[in-house]
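Have a look at coords-v6.txt; it's compact mmCIF, C-alpha atoms and all ligand atoms:
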```txt
# COMPACT_ATOMS: atom_id res chain seq x y z
CA MET G 1 -83.21 29.23 67.52
CA ASN G 2 -80.25 30.84 65.72
CA ARG G 3 -77.43 28.47 64.97
CA LEU G 4 -73.91 28.67 63.56
CA THR G 5 -72.59 25.30 62.35
CA ILE G 6 -69.09 24.37 61.22
CA LEU G 7 -69.73 22.12 58.21
CA GLY G 8 -66.15 21.73 57.03
CA SER G 9 -62.93 23.09 58.49
CA SER G 10 -60.04 21.44 56.68
CA ALA G 11 -57.59 23.34 54.48
CA SER G 12 -57.01 22.41 50.81
CA MET G 13 -58.01 18.74 51.09
CA PRO G 14 -60.49 16.83 53.21
CA THR G 15 -59.43 14.39 55.91
CA LYS G 16 -61.25 11.44 57.43
CA ASN G 17 -62.69 13.76 60.06
CA ARG G 18 -62.89 17.14 58.36
CA GLY G 19 -64.61 18.35 55.22
CA LEU G 20 -63.67 21.32 53.08
CA PRO G 21 -64.55 24.88 54.12
CA SER G 22 -68.15 25.77 54.74
CA VAL G 23 -70.04 27.34 57.61
CA SER G 24 -73.81 27.63 57.87
CA LEU G 25 -75.68 30.30 59.74
CA LEU G 26 -79.37 29.96 60.51
CA TYR G 27 -80.60 33.39 61.55
CA ASN G 28 -84.24 34.26 62.15
CA GLY G 29 -85.26 31.40 59.89
CA THR G 30 -82.91 32.36 57.02
CA LEU G 31 -80.13 29.93 56.13
CA LEU G 32 -76.82 31.28 54.82
CA LEU G 33 -73.64 29.47 53.77
CA PHE G 34 -70.17 30.93 53.87
CA ASP G 35 -68.08 29.05 51.30
CA CYS G 36 -69.20 25.77 49.85
CA GLY G 37 -66.31 23.32 49.61
CA GLU G 38 -66.56 19.90 48.00
CA GLY G 39 -69.01 17.68 49.90
CA THR G 40 -70.84 20.52 51.64
CA GLN G 41 -74.29 19.13 50.83
CA ARG G 42 -73.43 15.84 52.49
CA GLN G 43 -72.03 17.62 55.54
CA MET G 44 -75.34 19.51 55.76
CA MET G 45 -77.33 16.29 55.71
CA LYS G 46 -75.03 14.72 58.27
CA PHE G 47 -75.22 17.66 60.67
CA LYS G 48 -78.95 18.29 60.22
CA VAL G 49 -78.67 21.63 58.46
CA HIS G 50 -81.62 21.64 56.10
CA PHE G 51 -79.89 22.04 52.71
CA GLY G 52 -83.21 22.57 50.91
CA SER G 53 -83.74 25.89 52.64
CA VAL G 54 -80.39 27.52 51.93
CA ARG G 55 -81.13 31.03 50.66
CA TYR G 56 -77.73 32.76 50.35
CA ILE G 57 -74.23 31.46 49.60
CA PHE G 58 -71.13 33.65 49.91
CA ILE G 59 -67.94 32.44 48.22
CA SER G 60 -64.81 34.04 49.70
CA HIS G 61 -62.53 33.31 46.73
CA MET G 62 -62.20 31.11 43.73
CA HIS G 63 -59.86 28.43 45.03
CA LEU G 64 -61.48 25.08 44.36
CA ASP G 65 -61.58 23.98 47.99
CA HIS G 66 -63.94 26.87 48.71
CA TYR G 67 -66.51 26.55 45.93
CA LEU G 68 -66.46 23.11 44.35
CA GLY G 69 -69.45 22.03 46.46
CA LEU G 70 -71.68 24.60 44.78
CA PHE G 71 -72.30 22.50 41.71
CA GLY G 72 -73.46 19.37 43.48
CA LEU G 73 -75.64 21.35 45.85
CA ILE G 74 -77.30 23.29 43.01
CA GLN G 75 -77.91 20.08 41.09
CA THR G 76 -79.53 18.41 44.11
CA LEU G 77 -81.76 21.44 44.65
CA GLU G 78 -82.76 21.33 41.00
CA LEU G 79 -83.59 17.63 41.24
CA ASN G 80 -85.75 18.49 44.25
CA SER G 81 -87.72 20.99 42.12
CA ARG G 82 -86.50 24.01 43.99
CA THR G 83 -88.40 27.20 43.21
CA ILE G 84 -87.42 29.71 45.89
CA PRO G 85 -84.44 31.85 44.87
CA LEU G 86 -80.86 31.01 45.80
CA ASP G 87 -78.49 33.98 45.70
CA VAL G 88 -74.87 32.99 45.13
CA PHE G 89 -72.34 35.77 45.75
CA ILE G 90 -68.99 35.35 44.01
CA PRO G 91 -66.07 37.79 43.63
CA LYS G 92 -66.64 39.99 40.57
CA GLY G 93 -65.08 38.79 37.34
CA TYR G 94 -65.43 35.05 37.97
CA GLU G 95 -68.96 34.57 36.67
CA ASN G 96 -67.80 32.56 33.66
CA LYS G 97 -65.84 30.19 35.84
CA ILE G 98 -69.14 29.09 37.36
CA LYS G 99 -71.16 29.21 34.14
CA SER G 100 -68.63 27.11 32.23
CA VAL G 101 -69.26 24.20 34.59
CA ILE G 102 -73.00 24.28 35.05
CA LYS G 103 -76.05 25.64 33.29
CA LEU G 104 -77.55 27.57 36.14
CA PRO G 105 -81.18 26.77 36.86
CA LYS G 106 -83.66 29.65 36.98
CA PHE G 107 -83.80 29.82 40.75
CA VAL G 108 -80.07 30.68 41.02
CA ASN G 109 -79.05 34.34 40.99
CA LEU G 110 -75.34 34.67 40.50
CA ILE G 111 -74.31 37.93 42.13
CA PRO G 112 -70.79 39.28 41.52
CA TYR G 113 -69.58 41.39 44.43
CA GLU G 114 -66.75 43.68 45.51
CA SER G 115 -65.97 45.32 48.86
CA GLY G 116 -68.83 46.95 50.75
CA GLU G 117 -72.31 46.06 51.92
CA ILE G 118 -73.43 43.31 49.56
CA LEU G 119 -76.71 42.22 51.13
CA THR G 120 -79.33 44.01 53.21
CA THR G 121 -82.47 42.28 54.45
CA LYS G 122 -85.02 43.28 57.05
CA ASP G 123 -83.08 41.30 59.69
CA PHE G 124 -79.39 41.62 58.83
CA THR G 125 -76.64 42.91 56.54
CA VAL G 126 -73.60 41.20 55.02
CA THR G 127 -70.51 43.26 54.23
CA ALA G 128 -67.51 42.07 52.21
CA PHE G 129 -63.98 43.35 52.86
CA PRO G 130 -60.69 42.50 51.13
CA LEU G 131 -58.31 39.92 52.60
CA GLU G 132 -54.70 39.20 51.63
CA HIS G 133 -54.28 35.90 49.83
CA SER G 134 -52.72 34.59 46.63
CA ILE G 135 -55.84 35.56 44.66
CA GLU G 136 -58.58 38.13 45.25
CA THR G 137 -60.29 37.07 48.45
CA TYR G 138 -62.93 38.62 50.73
CA GLY G 139 -63.93 38.31 54.34
CA PHE G 140 -67.55 38.73 55.42
CA VAL G 141 -69.19 40.53 58.30
CA PHE G 142 -72.65 39.26 59.15
CA LYS G 143 -74.50 41.75 61.34
CA GLY G 144 -77.98 41.24 62.77
CA ASN G 145 -79.95 44.46 63.15
CA ASP G 146 -79.72 46.24 66.47
CA LYS G 147 -82.89 45.91 68.52
CA LYS G 148 -84.62 48.57 70.56
CA LYS G 149 -85.59 47.31 74.01
CA PHE G 150 -87.82 48.96 76.54
CA ASP G 151 -87.24 49.26 80.26
CA LYS G 152 -90.70 48.36 81.53
CA LYS G 153 -90.28 50.19 84.82
CA LYS G 154 -89.10 53.41 83.18
CA ALA G 155 -91.84 53.21 80.54
CA ASP G 156 -94.44 52.86 83.31
CA MET G 157 -92.91 55.71 85.23
CA PHE G 158 -93.15 58.03 82.23
CA GLY G 159 -96.65 56.80 81.40
CA ILE G 160 -95.76 55.21 78.05
CA LYS G 161 -98.47 52.79 76.94
CA GLY G 162 -100.20 51.32 73.89
CA LYS G 163 -99.09 52.71 70.57
CA MET G 164 -96.85 55.27 72.27
CA PHE G 165 -94.23 52.50 72.36
CA SER G 166 -93.86 52.47 68.59
CA GLU G 167 -94.00 56.27 68.46
CA VAL G 168 -91.25 56.77 71.00
CA GLU G 169 -89.02 54.36 69.06
CA THR G 170 -88.77 56.77 66.15
CA LYS G 171 -89.60 60.20 67.57
CA SER G 172 -90.18 61.82 70.91
CA VAL G 173 -93.58 61.67 72.61
CA LYS G 174 -95.16 64.48 74.57
CA ILE G 175 -97.09 63.59 77.70
CA GLY G 176 -98.45 66.67 79.45
CA ARG G 177 -95.57 69.15 79.37
CA ARG G 178 -92.95 66.49 79.29
CA VAL G 179 -91.11 65.37 76.13
CA ILE G 180 -89.99 61.75 76.32
CA LYS G 181 -87.27 60.37 74.09
CA PHE G 182 -86.44 56.72 73.43
CA GLU G 183 -83.24 56.99 75.52
CA ASP G 184 -85.39 57.85 78.55
CA VAL G 185 -87.26 54.55 78.48
CA GLY G 186 -85.13 52.05 76.59
CA TRP G 187 -81.79 50.95 75.25
CA VAL G 188 -80.36 49.57 72.02
CA GLU G 189 -79.27 45.93 72.06
CA GLU G 190 -76.40 45.33 69.64
CA GLY G 191 -77.24 42.84 66.92
CA PHE G 192 -75.39 39.54 66.55
CA LYS G 193 -72.09 39.88 64.70
CA MET G 194 -70.04 37.18 63.04
CA VAL G 195 -66.90 37.59 60.96
CA TYR G 196 -65.70 34.98 58.47
CA ALA G 197 -62.10 35.59 57.36
CA THR G 198 -60.33 32.95 55.29
CA ASP G 199 -58.00 32.47 53.38
CA THR G 200 -55.70 35.25 54.43
CA LEU G 201 -52.58 36.63 55.99
CA PRO G 202 -53.35 38.57 59.16
CA THR G 203 -54.57 42.07 58.21
CA LYS G 204 -55.28 45.27 60.10
CA GLN G 205 -58.63 45.62 58.41
CA THR G 206 -59.74 42.26 59.79
CA ILE G 207 -59.17 43.67 63.27
CA THR G 208 -61.25 46.76 62.48
CA MET G 209 -64.04 44.77 60.87
CA SER G 210 -64.13 42.24 63.72
CA LYS G 211 -64.43 44.80 66.53
CA ASP G 212 -66.51 43.31 69.38
CA ALA G 213 -67.86 40.49 67.18
CA ASP G 214 -69.62 37.57 68.84
CA TYR G 215 -67.69 35.10 66.69
CA LEU G 216 -64.54 35.41 64.60
CA ILE G 217 -63.94 32.48 62.27
CA HIS G 218 -60.39 32.96 61.05
CA ASP G 219 -57.83 31.23 58.85
CA SER G 220 -55.63 29.21 61.23
CA THR G 221 -53.81 27.05 58.73
CA PHE G 222 -50.42 26.83 60.39
CA ILE G 223 -48.86 26.63 63.82
CA GLU G 224 -46.57 29.48 64.71
CA ASP G 225 -43.18 27.90 64.13
CA GLU G 226 -44.01 27.48 60.48
CA SER G 227 -44.83 31.11 59.91
CA ASP G 228 -42.53 31.36 56.87
CA LEU G 229 -44.68 28.75 55.24
CA ALA G 230 -47.80 30.71 56.23
CA LYS G 231 -46.40 33.88 54.67
CA ASP G 232 -45.36 32.04 51.56
CA LYS G 233 -48.78 30.43 51.09
CA LYS G 234 -50.59 33.57 52.25
CA HIS G 235 -52.34 32.04 55.23
CA SER G 236 -52.31 32.85 58.94
CA THR G 237 -50.77 31.05 61.86
CA VAL G 238 -52.86 30.23 64.91
CA ALA G 239 -50.94 32.81 66.94
CA GLU G 240 -51.56 35.54 64.38
CA ALA G 241 -55.29 34.78 64.25
CA ALA G 242 -55.53 34.66 68.05
CA MET G 243 -53.85 38.06 68.21
CA ILE G 244 -56.47 39.48 65.84
CA ALA G 245 -59.21 38.06 68.07
CA LYS G 246 -57.59 39.69 71.09
CA LYS G 247 -57.09 43.09 69.47
CA ALA G 248 -60.62 43.10 68.08
CA ASN G 249 -62.04 42.12 71.48
CA VAL G 250 -64.24 39.39 70.01
CA LYS G 251 -66.21 37.07 72.28
CA LYS G 252 -65.07 33.84 70.64
CA TYR G 253 -62.38 32.93 68.13
CA ILE G 254 -63.01 29.81 66.06
CA LEU G 255 -59.93 28.17 64.56
CA TYR G 256 -60.70 27.32 60.96
CA HIS G 257 -59.07 26.09 57.74
CA ILE G 258 -56.91 23.59 59.57
CA SER G 259 -54.00 22.06 57.69
CA PRO G 260 -54.39 18.29 57.31
CA ARG G 261 -50.69 17.94 58.19
CA TYR G 262 -51.38 18.20 61.93
CA LYS G 263 -52.16 14.99 63.75
CA ASN G 264 -52.29 16.56 67.20
CA ILE G 265 -54.75 19.36 66.58
CA LYS G 266 -55.24 20.02 70.30
CA MET G 267 -51.81 21.62 70.11
CA LEU G 268 -53.25 24.32 67.84
CA GLU G 269 -56.05 25.11 70.25
CA LYS G 270 -53.60 25.20 73.16
CA ARG G 271 -51.41 27.70 71.31
CA ALA G 272 -54.42 29.89 70.56
CA LYS G 273 -55.56 29.87 74.19
CA GLU G 274 -52.15 31.09 75.36
CA ILE G 275 -52.89 34.32 73.48
CA PHE G 276 -56.67 34.47 73.56
CA GLU G 277 -58.44 32.38 76.18
CA ASN G 278 -61.78 32.17 74.43
CA SER G 279 -60.48 30.16 71.47
CA ILE G 280 -61.96 26.94 70.20
CA LEU G 281 -61.00 24.42 67.55
CA PRO G 282 -64.33 22.77 66.76
CA ASP G 283 -64.93 19.41 65.13
CA ASP G 284 -66.98 19.47 61.96
CA GLY G 285 -70.63 19.46 62.98
CA THR G 286 -70.09 21.65 66.04
CA SER G 287 -72.95 24.13 66.46
CA PHE G 288 -73.03 27.37 68.36
CA ARG G 289 -76.54 28.43 69.40
CA PHE G 290 -77.44 31.97 70.26
CA ALA G 291 -80.56 34.03 70.92
ZN ZN G 301 -58.49 27.37 51.30
ZN ZN G 302 -57.23 29.88 49.12
```
Show how you would write the structure in this file as structure tokens.
Ligand SMILES: [Zn+2]
Ligand SMILES: [Zn+2]
Amino acid sequence: MNRLTILGSSASMPTKNRGLPSVSLLYNGTLLLFDCGEGTQRQMMKFKVHFGSVRYIFISHMHLDHYLGLFGLIQTLELNSRTIPLDVFIPKGYENKIKSVIKLPKFVNLIPYESGEILTTKDFTVTAFPLEHSIETYGFVFKGNDKKKFDKKKADMFGIKGKMFSEVETKSVKIGRRVIKFEDVGWVEEGFKMVYATDTLPTKQTITMSKDADYLIHDSTFIEDESDLAKDKKHSTVAEAAMIAKKANVKKYILYHISPRYKNIKMLEKRAKEIFENSILPDDGTSFRFA
């Protein structure tokens, strides 16, 4: 089962109830982390996300609240005699910031990245795009591969059977005098899409990149009436993030990077829902399951 889990959703400092930014995505058996704030490994244990199998970590930017958890996690993996590779993607130019803290064990590949497709596997791709924050920061688009599906009835009708199925997926098949193309007997199911965009001001590119996403996890640090503060600190308000979700036509907007200043956090979710109904402010540990 594929599963998206909010491991930490607080901004800048942890609270009693919220850890620092990190989201895990288990997709087709591969475990990915987006950001790795302080205490992420403990959040993983607490919320039953198997930390030993994490394969990829994507760091959005080099503010401490987004990457401090890397060191502890790597050390624990080393103590557990990890051998399988762990690819850690960090914005280009910051390699020494990581290496000055920890001697990286052999299994860690530190991969500096810039905008563009930064990872392609047989099941999915991850693309980085620039955000607008006080330092260089990137958002990520996770996209599962599209899947070709057959319409059994149509396939029967056209006489497609056996290995013709795999043939018709890539090229047309001739049966008698008839040429059958994939479109005649099947359709393409869009792959799962998730966008992770924090820390940032609202940007047009985030709307473009988030088009029709299943989930948009977006910086929602401030409530609207403090938007000067949001601009000053280069974060988004809940209303701004909800508007991005609406314009991008996403299925669900997840409020994220919540300022610890708010006691009544339900107020943030309420504000978001006024603009975009399918908004949710999850507790840490909330999981979203999907096929
Ligand atoms: Zn932050
Ligand atoms: Zn930041």
inquiry  = Within 9 Å of ligand ZN 302 (chain G) (counting all atoms listed in the file), which residues show up? I'd like them as a VMD selection string.
reply    = chain G and resid 11 to 12 60 to 66 133 to 135 137 198 to 200 233 to 235
ask   = Residues at most 7 Å from Ala242 of chain G, counting only C-alpha atoms, excluding those fewer than 5 positions away in the same chain, as a PyMOL selection string?
value = chain G and resi 272+275-276
inquiry  = I want to know what sits within 7 Å of Leu281 of chain G, based on all atoms listed in the file, with residues of the same chain fewer than 3 positions away left out; could you give that as a ChimeraX atom specification?
reply    = /G:254-255,269
request  = Measure the distance from atom CA of Ile98 of chain G to atom CA of Gly72 of chain G in Å and round it to one decimal.
outcome  = 12.3 Å
task = Compile the contact shell of segment 22-28 of chain G as a PyMOL selection string: residues with an atom at most 6 Å away, counting all atoms listed in the file, same-chain residues fewer than 4 positions apart removed.
result = chain G and resi 2-8+32-37
C-alpha atoms of the current selection, written as an mmCIF file, in the frame of the given file:
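The resulting file, part-v4.cif, is shown below:
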```cif
data_model
loop_
_atom_site.group_PDB
_atom_site.id
_atom_site.type_symbol
_atom_site.label_atom_id
_atom_site.label_comp_id
_atom_site.auth_asym_id
_atom_site.auth_seq_id
_atom_site.Cartn_x
_atom_site.Cartn_y
_atom_site.Cartn_z
ATOM 1 C CA ASN G 2 -80.250 30.840 65.720
ATOM 2 C CA ARG G 3 -77.430 28.470 64.970
ATOM 3 C CA LEU G 4 -73.910 28.670 63.560
ATOM 4 C CA THR G 5 -72.590 25.300 62.350
ATOM 5 C CA ILE G 6 -69.090 24.370 61.220
ATOM 6 C CA LEU G 7 -69.730 22.120 58.210
ATOM 7 C CA GLY G 8 -66.150 21.730 57.030
ATOM 8 C CA LEU G 32 -76.820 31.280 54.820
ATOM 9 C CA LEU G 33 -73.640 29.470 53.770
ATOM 10 C CA PHE G 34 -70.170 30.930 53.870
ATOM 11 C CA ASP G 35 -68.080 29.050 51.300
ATOM 12 C CA CYS G 36 -69.200 25.770 49.850
ATOM 13 C CA GLY G 37 -66.310 23.320 49.610
#
```
ask   = If you count only C-alpha atoms, which residues fall within 12 Å of Asn96 of chain G, apart from same-chain ones fewer than 5 positions away, as a list in words?
value =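 My list of contacting residues is Met62, Ile90, Pro91, Val101, Ile102, Lys103, Leu104, Leu110, Ile111 and Pro112 of chain G.
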inquiry  = Report, in Å to a single decimal, how far apart atom CA of Gly69 of chain G and atom CA of Ser100 of chain G are.
reply    =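 We find that atom CA of Ser100 of chain G and atom CA of Gly69 of chain G lie 15.1 Å from each other.
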task = Determine the nearest neighbour of ligand ZN 301 (chain G) from the options G:Ala197, G:Leu229, G:Ala245, G:Met267, counting all atoms listed in the file.
result = G:Ala197
message = Just want the 12 Å neighbourhood of Asp87 of chain G, counted on only C-alpha atoms, with same-chain residues fewer than 5 positions away dropped. Output as a PyMOL selection string.
response = chain G and resi 31-33+53-59+70+74+104-113+118-119
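Considering only C-alpha atoms and all ligand atoms, the residue among G:Thr125, G:Ser220, G:Asn249, G:Asn145 positioned nearest to ligand ZN 301 (chain G) is G:Ser220.
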request  = Choose the residue, out of G:Glu240, G:Asp219, G:Asp228, G:Asp212, that has the smallest atom-to-atom separation from ligand ZN 301 (chain G); count all atoms listed in the file.
outcome  =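 Of G:Glu240, G:Asp219, G:Asp228, G:Asp212, the one nearest ligand ZN 301 (chain G), counting all atoms listed in the file, is G:Asp219.
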task = Could you tell me which of G:Phe165, G:Tyr67, G:Phe47, G:Tyr253 comes closest to ligand ZN 301 (chain G) if we count all atoms listed in the file?
result =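 Result for the nearest residue to ligand ZN 301 (chain G): G:Tyr67.
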Box in all listed atoms of segment 77-95 of chain G, axis-aligned, with 6 Å more on each side; write out centre and edge lengths in Å to one decimal as lines of an AutoDock Vina configuration file.
```
center_x = -76.7
center_y = 28.8
center_z = 41.3
size_x = 35.3
size_y = 34.4
size_z = 21.2
```
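For the residues G:Thr221, G:Tyr94, G:Ile160, G:Arg271, ranking by smallest atom-to-atom distance to ligand ZN 301 (chain G) using only C-alpha atoms and all ligand atoms places G:Thr221 first.
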message = One number please: atom CA of Lys147 of chain G to atom CA of Glu190 of chain G, in Å, one decimal.
response =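 Interatomic distance here is 6.6 Å.
Using all atoms listed in the file for every distance, the candidate list G:Gln205, G:Thr237, G:Ser172, G:Ser166 yields G:Gln205 as the residue closest to Tyr138 of chain G.
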